[in-house]
Every structure is written in structure tokens, then in C-alpha cells.
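One file, upload20.txt, carrying compact mmCIF, C-alpha atoms:
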```
# COMPACT_ATOMS: atom_id res chain seq x y z
CA MET A 1 -50.40 66.58 -33.88
CA ALA A 2 -46.76 66.88 -32.88
CA ARG A 3 -47.54 65.39 -29.44
CA VAL A 4 -49.24 62.41 -31.09
CA GLN A 5 -46.15 61.81 -33.21
CA ILE A 6 -43.90 62.02 -30.13
CA ASP A 7 -46.06 59.51 -28.26
CA ALA A 8 -46.03 57.20 -31.26
CA ALA A 9 -42.23 57.47 -31.50
CA ARG A 10 -41.90 56.70 -27.79
CA SER A 11 -44.13 53.68 -28.19
CA LYS A 12 -41.93 52.43 -31.02
CA VAL A 13 -38.80 52.92 -28.85
CA GLU A 14 -40.37 51.05 -25.95
CA GLN A 15 -41.48 48.29 -28.31
CA ALA A 16 -37.94 48.08 -29.72
CA GLN A 17 -36.51 47.84 -26.21
CA ALA A 18 -39.02 45.14 -25.34
CA ASP A 19 -38.08 43.26 -28.51
CA GLU A 20 -34.42 43.62 -27.58
CA ASP A 21 -35.04 42.27 -24.08
CA ALA A 22 -37.00 39.36 -25.54
CA ALA A 23 -34.18 38.67 -28.00
CA ARG A 24 -31.63 38.71 -25.21
CA ALA A 25 -33.79 36.34 -23.19
CA ASP A 26 -33.97 34.02 -26.22
CA VAL A 27 -30.17 34.20 -26.50
CA ASP A 28 -29.80 33.32 -22.80
CA VAL A 29 -32.17 30.38 -23.22
CA ALA A 30 -30.29 29.23 -26.31
CA GLN A 31 -26.95 29.60 -24.46
CA ALA A 32 -28.24 27.58 -21.51
CA GLU A 33 -29.48 24.88 -23.87
CA ALA A 34 -26.11 24.84 -25.64
CA GLU A 35 -24.32 24.44 -22.30
CA ARG A 36 -26.69 21.64 -21.30
CA LEU A 37 -26.06 19.83 -24.55
CA GLN A 38 -22.29 20.36 -24.15
CA VAL A 39 -22.43 18.74 -20.72
CA ARG A 40 -24.28 15.75 -22.17
CA LEU A 41 -21.72 15.62 -24.97
CA ASP A 42 -18.87 15.68 -22.45
CA PHE A 43 -20.35 12.58 -20.85
CA SER A 44 -19.35 10.70 -23.98
CA VAL A 45 -15.66 11.24 -23.11
CA ILE A 46 -14.17 9.55 -20.03
CA ARG A 47 -11.04 11.20 -18.65
CA ALA A 48 -8.86 9.43 -16.08
CA PRO A 49 -7.40 11.58 -13.28
CA PHE A 50 -3.98 9.90 -13.66
CA LYS A 51 -1.69 8.32 -16.25
CA GLY A 52 -2.42 4.63 -16.63
CA VAL A 53 -3.55 1.74 -18.76
CA ILE A 54 -6.98 0.18 -19.25
CA THR A 55 -6.73 -3.30 -17.76
CA LYS A 56 -10.39 -4.31 -18.04
CA ARG A 57 -13.27 -3.26 -20.29
CA LEU A 58 -16.71 -4.11 -18.97
CA LEU A 59 -18.75 -2.76 -21.90
CA SER A 60 -18.30 -3.20 -25.63
CA PRO A 61 -18.13 -0.29 -28.14
CA GLY A 62 -21.64 0.89 -29.01
CA ALA A 63 -23.18 -0.39 -25.79
CA TYR A 64 -25.66 1.86 -24.02
CA VAL A 65 -24.26 3.34 -20.79
CA ARG A 66 -26.81 4.16 -18.13
CA SER A 67 -26.19 6.85 -15.56
CA ALA A 68 -25.96 6.22 -11.84
CA ALA A 69 -29.36 7.91 -11.52
CA GLN A 70 -30.76 5.12 -13.69
CA GLY A 71 -29.35 2.49 -11.34
CA GLU A 72 -26.05 1.70 -13.08
CA LYS A 73 -23.40 0.52 -10.59
CA ALA A 74 -20.88 -1.34 -12.72
CA PRO A 75 -17.84 0.64 -13.97
CA VAL A 76 -17.16 1.02 -17.69
CA PHE A 77 -13.40 0.44 -17.43
CA ALA A 78 -10.79 -0.60 -14.89
CA ILE A 79 -7.71 1.63 -15.12
CA ASP A 80 -4.43 0.98 -13.31
CA ARG A 81 -1.99 3.78 -12.61
CA THR A 82 1.44 3.13 -14.11
CA ASP A 83 3.62 6.15 -13.28
CA ARG A 84 3.60 5.10 -9.63
CA ILE A 85 3.08 1.52 -8.47
CA ARG A 86 1.71 0.67 -5.05
CA VAL A 87 3.26 -2.37 -3.39
CA VAL A 88 1.11 -3.96 -0.68
CA VAL A 89 2.87 -5.88 2.10
CA PRO A 90 1.12 -7.77 4.95
CA ILE A 91 3.16 -7.32 8.14
CA PRO A 92 2.83 -10.27 10.59
CA ASP A 93 1.35 -9.62 14.00
CA ARG A 94 4.62 -9.82 15.96
CA HIS A 95 6.26 -7.20 13.72
CA VAL A 96 3.36 -4.75 13.67
CA PRO A 97 4.61 -2.64 16.63
CA PHE A 98 7.83 -1.89 14.74
CA ALA A 99 6.30 -0.83 11.40
CA ASP A 100 6.28 2.92 10.85
CA LYS A 101 5.89 5.28 7.93
CA GLY A 102 9.30 6.00 6.44
CA ASP A 103 10.93 2.69 7.39
CA PRO A 104 13.40 1.66 4.63
CA ALA A 105 12.53 -1.25 2.38
CA LYS A 106 13.90 -3.15 -0.60
CA VAL A 107 11.54 -4.44 -3.29
CA GLU A 108 12.88 -7.30 -5.42
CA ILE A 109 11.07 -8.16 -8.67
CA GLU A 110 11.86 -11.68 -9.83
CA ASN A 111 10.28 -11.08 -13.26
CA LEU A 112 12.83 -8.31 -13.86
CA GLY A 113 15.81 -10.57 -13.24
CA GLY A 114 15.77 -9.98 -9.51
CA LYS A 115 16.10 -6.20 -9.84
CA VAL A 116 15.96 -4.47 -6.46
CA PHE A 117 14.29 -1.11 -5.85
CA ASP A 118 15.11 0.98 -2.78
CA ALA A 119 11.99 2.40 -1.18
CA ARG A 120 10.32 3.38 2.09
CA ILE A 121 6.99 2.62 3.71
CA SER A 122 4.56 5.21 2.36
CA ARG A 123 1.64 4.48 4.67
CA ILE A 124 0.41 1.93 7.19
CA GLN A 125 -3.12 0.76 7.83
CA GLY A 126 -2.84 1.35 11.57
CA ALA A 127 -4.92 -1.71 12.47
CA GLU A 128 -4.59 -5.46 12.00
CA ASP A 129 -6.81 -7.73 9.98
CA GLN A 130 -8.35 -10.04 12.57
CA ALA A 131 -8.71 -12.87 10.06
CA THR A 132 -5.05 -12.93 8.93
CA ARG A 133 -3.43 -11.26 11.98
CA THR A 134 -1.46 -9.01 9.66
CA MET A 135 -1.38 -5.26 9.04
CA ARG A 136 -1.47 -3.78 5.55
CA VAL A 137 1.55 -1.67 4.65
CA GLU A 138 1.88 0.23 1.37
CA ILE A 139 5.03 1.23 -0.50
CA ASP A 140 4.91 3.62 -3.47
CA LEU A 141 7.45 2.93 -6.23
CA PRO A 142 8.11 5.48 -9.00
CA ASN A 143 7.88 3.82 -12.42
CA PRO A 144 9.32 6.32 -14.92
CA LYS A 145 10.47 3.61 -17.37
CA ASP A 146 7.25 1.57 -17.19
CA GLU A 147 9.26 -1.44 -16.01
CA LEU A 148 6.73 -2.42 -13.39
CA ARG A 149 3.33 -3.83 -14.26
CA PRO A 150 0.29 -3.79 -11.99
CA GLY A 151 -0.26 -7.23 -10.53
CA MET A 152 3.40 -8.26 -10.41
CA PHE A 153 4.61 -10.20 -7.38
CA ALA A 154 7.56 -8.94 -5.39
CA LYS A 155 9.78 -9.98 -2.52
CA VAL A 156 9.90 -7.15 0.01
CA THR A 157 12.39 -6.74 2.82
CA VAL A 158 11.42 -4.06 5.33
CA ASN A 159 13.87 -2.77 7.93
CA LEU A 160 11.39 -2.32 10.77
CA GLN A 161 13.89 -1.54 13.50
CA HIS A 162 17.60 -0.94 13.93
CA LEU A 163 19.02 -3.86 15.90
CA ASP A 164 22.46 -2.40 16.63
CA ARG A 165 21.89 -2.39 20.41
CA ALA A 166 19.34 -5.20 20.59
CA LEU A 167 19.91 -8.77 21.70
CA VAL A 168 20.20 -10.62 18.38
CA LEU A 169 20.69 -14.28 17.46
CA PRO A 170 21.09 -16.18 14.18
CA SER A 171 17.95 -17.95 12.99
CA GLY A 172 19.77 -21.30 13.29
CA CYS A 173 19.59 -21.04 17.10
CA LEU A 174 15.84 -21.59 17.13
CA VAL A 175 14.56 -24.99 18.19
CA GLY A 176 11.62 -25.77 15.93
CA GLU A 177 9.44 -23.01 14.51
CA ALA A 178 8.62 -19.74 16.18
CA LYS A 179 4.89 -19.10 16.50
CA GLU A 180 3.09 -15.93 17.49
CA GLY A 181 6.36 -14.27 18.48
CA LYS A 182 7.42 -17.12 20.77
CA GLY A 183 10.19 -19.69 20.39
CA HIS A 184 12.83 -21.78 22.19
CA VAL A 185 16.63 -21.96 22.22
CA TYR A 186 19.13 -24.12 24.04
CA VAL A 187 21.33 -22.32 26.56
CA VAL A 188 24.41 -23.84 28.21
CA ARG A 189 24.18 -23.56 32.00
CA ALA A 190 26.44 -25.42 34.43
CA GLY A 191 27.63 -27.67 31.62
CA ARG A 192 24.15 -28.76 30.58
CA ALA A 193 21.82 -27.80 27.74
CA VAL A 194 18.71 -26.03 29.01
CA LEU A 195 15.73 -25.40 26.73
CA VAL A 196 14.67 -21.79 27.33
CA PRO A 197 11.48 -20.12 26.07
CA ILE A 198 12.02 -16.69 24.54
CA ARG A 199 9.90 -13.91 23.06
CA ILE A 200 10.89 -12.82 19.59
CA GLY A 201 10.72 -9.33 18.10
CA ALA A 202 11.96 -8.28 14.67
CA ASP A 203 12.97 -11.17 12.39
CA ASN A 204 14.40 -10.89 8.87
CA GLY A 205 14.90 -14.64 8.34
CA ILE A 206 18.64 -14.44 9.07
CA LEU A 207 18.71 -12.76 12.45
CA PHE A 208 16.01 -12.32 15.05
CA GLU A 209 15.65 -10.04 18.05
CA VAL A 210 15.19 -11.52 21.52
CA LEU A 211 12.81 -9.41 23.58
CA SER A 212 12.88 -11.54 26.73
CA GLY A 213 14.09 -14.86 28.09
CA LEU A 214 17.86 -14.33 27.67
CA THR A 215 20.62 -12.07 28.87
CA ALA A 216 23.68 -10.84 27.03
CA ASN A 217 25.85 -13.27 29.03
CA ASP A 218 23.94 -16.43 28.08
CA GLU A 219 25.75 -18.97 25.89
CA VAL A 220 23.30 -20.07 23.21
CA VAL A 221 23.70 -23.19 21.08
CA ARG A 222 24.07 -22.24 17.43
CA ASN A 223 23.00 -24.33 14.43
CA TYR A 224 20.77 -26.64 16.43
CA SER A 225 20.78 -30.03 14.66
CA GLY A 226 17.89 -31.76 16.44
CA THR A 227 20.00 -34.26 18.41
CA LEU A 228 20.37 -32.21 21.60
CA THR A 229 18.03 -32.92 24.52
CA ASN A 230 17.11 -30.88 27.55
CA GLY A 231 19.56 -31.54 30.40
CA ALA A 232 22.21 -33.16 28.20
CA HIS A 233 25.86 -32.61 29.13
CA VAL A 234 27.54 -30.04 26.90
CA ARG A 235 31.16 -29.04 26.45
CA VAL A 236 31.66 -25.54 25.13
CA ASP A 237 34.46 -25.10 22.62
CA ALA A 238 36.04 -21.74 23.42
CA ASN A 239 37.02 -21.27 19.76
CA GLU A 240 33.44 -21.71 18.57
CA SER A 241 31.55 -20.01 21.39
CA ALA A 242 30.23 -16.61 20.38
CA GLY A 243 27.51 -16.10 22.97
CA ASN A 244 24.68 -13.93 21.49
CA LYS A 245 26.88 -11.46 19.80
```
Target encoding C-alpha cells, full file:
Amino acid sequence: MARVQIDAARSKVEQAQADEDAARADVDVAQAEAERLQVRLDFSVIRAPFKGVITKRLLSPGAYVRSAAQGEKAPVFAIDRTDRIRVVVPIPDRHVPFADKGDPAKVEIENLGGKVFDARISRIQGAEDQATRTMRVEIDLPNPKDELRPGMFAKVTVNLQHLDRALVLPSGCLVGEAKEGKGHVYVVRAGRAVLVPIRIGADNGILFEVLSGLTANDEVVRNYSGTLTNGAHVRVDANESAGNK
């Protein structure tokens, strides 16, 4: 009789343990379902990875948003970062060899009264666009006061190379327009004006670097007016002659 009671008690204990295990399994299932529902609920909140402003809304409030698995490809919003503004500058082909990360630059914003920001090249594309023959250069500008707005236009001056020891001439020496890094200047030789082809390097619109075609001793005609012809007699005024210095 006692043994029967012990066996019955053991059966009840085992049944209780089984019930406990089943209850725990139910809890695990319920917890997994709660986590699944929380994930779906989190999908209703879109969090940007950076501080910015919504510049475009492609869906209206209440619209149904499909997942990418359902074939949706269009974004919900367009968000522009505002704490740091990226300035994109196309560098012309003839200046590409001189553009490097870290080169100093000045960014002038006309909409801000011509305010100038000191900056440096943050990154370069490393390859030219064959259609435009330019290379993309990016400059990151801190924007702690929210002065800058995405989409603004800027005038950017990049110091691509120090010209302290280079052969440099004023832009007024050029005869006509320089194209593809090539141009012409008049040089005085044996009392006559000689039209000389040159290859141009860095050019900031005021001064340009001469890579080949001239020497430091050549006397170059400044402020070409368009009336000089090749082979014309020239008298050099010693007070006005400055060579290529």
C-alpha cells in the first residue's frame, strides 16, 4: 500500500515537472512572438543614422509602405545631412595631376554675403569622367550653426600646388584662350615678337604655371592687347620689363 502511494506521488511530481516544462515552452513561444511583433512595430519608426533634415517626402501619411521583399524600391524620404556639408568640385583635366587629399581650399558662399570658409580636400575620385574630362573632388565643411543649406552653390578656390619655384606668368600674357592645357604667348627675341606655344599647368585665373615652352630668361609680353603680330618689331622698355618673374 505504501509503495503504491509512493509511486502515485512520484507520478504526480513527474506530471508537475512536465507541466512546468510545457509552461516554460509556452512562455518561450510567447516571448518569441512578442519579439517578432516588436520588430514589426519597430518598422513603423524610421531612424536616420545622422543629423539632418527631410528634403523630400515620397509617400503621404497613412500610405501603405511595402517592404523590399514585396518589390518596393522607392525610398520613403530623402534626408540631407546638415551638421557636415559636402562640397563637390569638378577639377579640369589639366589640373587633375596636382589634386591631392589635404590640399587647402577656400569655399565662398555668395548667398551668405560672400562668406569664405577655409577647408581642405577631403577625398578625390581618383579617376576622370570621360564625358566631362573632369575629376570629382569632395570637401567636407563643418556646419555647427546651420548656416549652409544642401544644394547651395559655392565658388571654390583650391590651391593644387605651391608655385613658389615654378615658372609663373600673369593670365594677361596669354594670347587667346588656353585649351586642354595648351596656350600661346608672345616672347621678345632679337627685337621681334615671336608667338610661342606653351604647356600650362596650375591656373587660378590670375597666374598660371608654364610647364614647357619658355625659360626663366625669356621676356614675355604682358597684357596682350590683340594688336601685336608674329614677327613685329618690338622695343622693350627697361622700366616695364619684368620677364616671367
- Message: For a cutoff of 10 Å around the file-coordinate point (16.8, -33.5, 22.7), which residues qualify once you count only C-alpha atoms? I'd like the result as a PyMOL selection string.
- Response: chain A and resi 175+186+193-195+225-232
- Name the closest residue to A:Leu160 among the candidates A:Asn223, A:Asn111, A:Ser44, A:Asn204; distances are taken between atoms, counting all atoms listed in the file. A:Asn204
- Item | Nearest candidate to A:Arg57 (options A:Ala78, A:Ile198, A:Ala69, A:Ala127; using only C-alpha atoms) |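 Residue with the minimum atom-to-atom distance to A:Arg57: A:Ala78.
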- Task: Counting only C-alpha atoms, write as a list of chain:residue names all protein and nucleic acid residues lying at most 10 Å from (11.3, -16.6, 21.7) in the file's frame.
- Result: A:Leu174, A:Val175, A:Glu177, A:Ala178, A:Lys179, A:Glu180, A:Gly181, A:Lys182, A:Gly183, A:His184, A:Val185, A:Val196, A:Pro197, A:Ile198, A:Arg199, A:Ile200, A:Gly201, A:Phe208, A:Glu209, A:Val210, A:Leu211, A:Ser212, A:Gly213, A:Leu214
- Query: How far is it from atom CA of A:Asp103 to atom CA of A:Gly176, in Å with one decimal?
  - Reply: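 Taking atom CA of A:Asp103 and atom CA of A:Gly176, their separation equals 29.7 Å.
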- Pick the closest to A:Arg86 from A:Arg120, A:His233, A:Arg192, A:Arg36: which is it, counting all atoms listed in the file? A:Arg120
- Query: Taking into account only C-alpha atoms, which residue in the set A:Val27, A:Val234, A:Leu167, A:Ile109 is nearest to A:Arg189?
  - Reply: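 Using only C-alpha atoms, the shortest distance to A:Arg189 belongs to A:Val234.
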- Enter the distance from atom CA of A:Val53 to atom CA of A:Ile79, in Å, rounded to one decimal.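 Atom-to-atom, atom CA of A:Val53 and atom CA of A:Ile79 are spaced 5.5 Å apart.
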- Query: Which is closer to A:Pro142 than all the others in A:Ile85, A:Leu37, A:Cys173, A:Val187, using only C-alpha atoms?
  - Reply: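 Checking each of A:Ile85, A:Leu37, A:Cys173, A:Val187 against A:Pro142, counting only C-alpha atoms, the winner is A:Ile85.
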- For A:Lys106, please output as a VMD selection string all residues within 12 Å (counting all atoms listed in the file; exclusion window: fewer than 3 positions along the same chain). chain A and resid 87 89 103 109 114 to 121 139 to 141 154 to 160
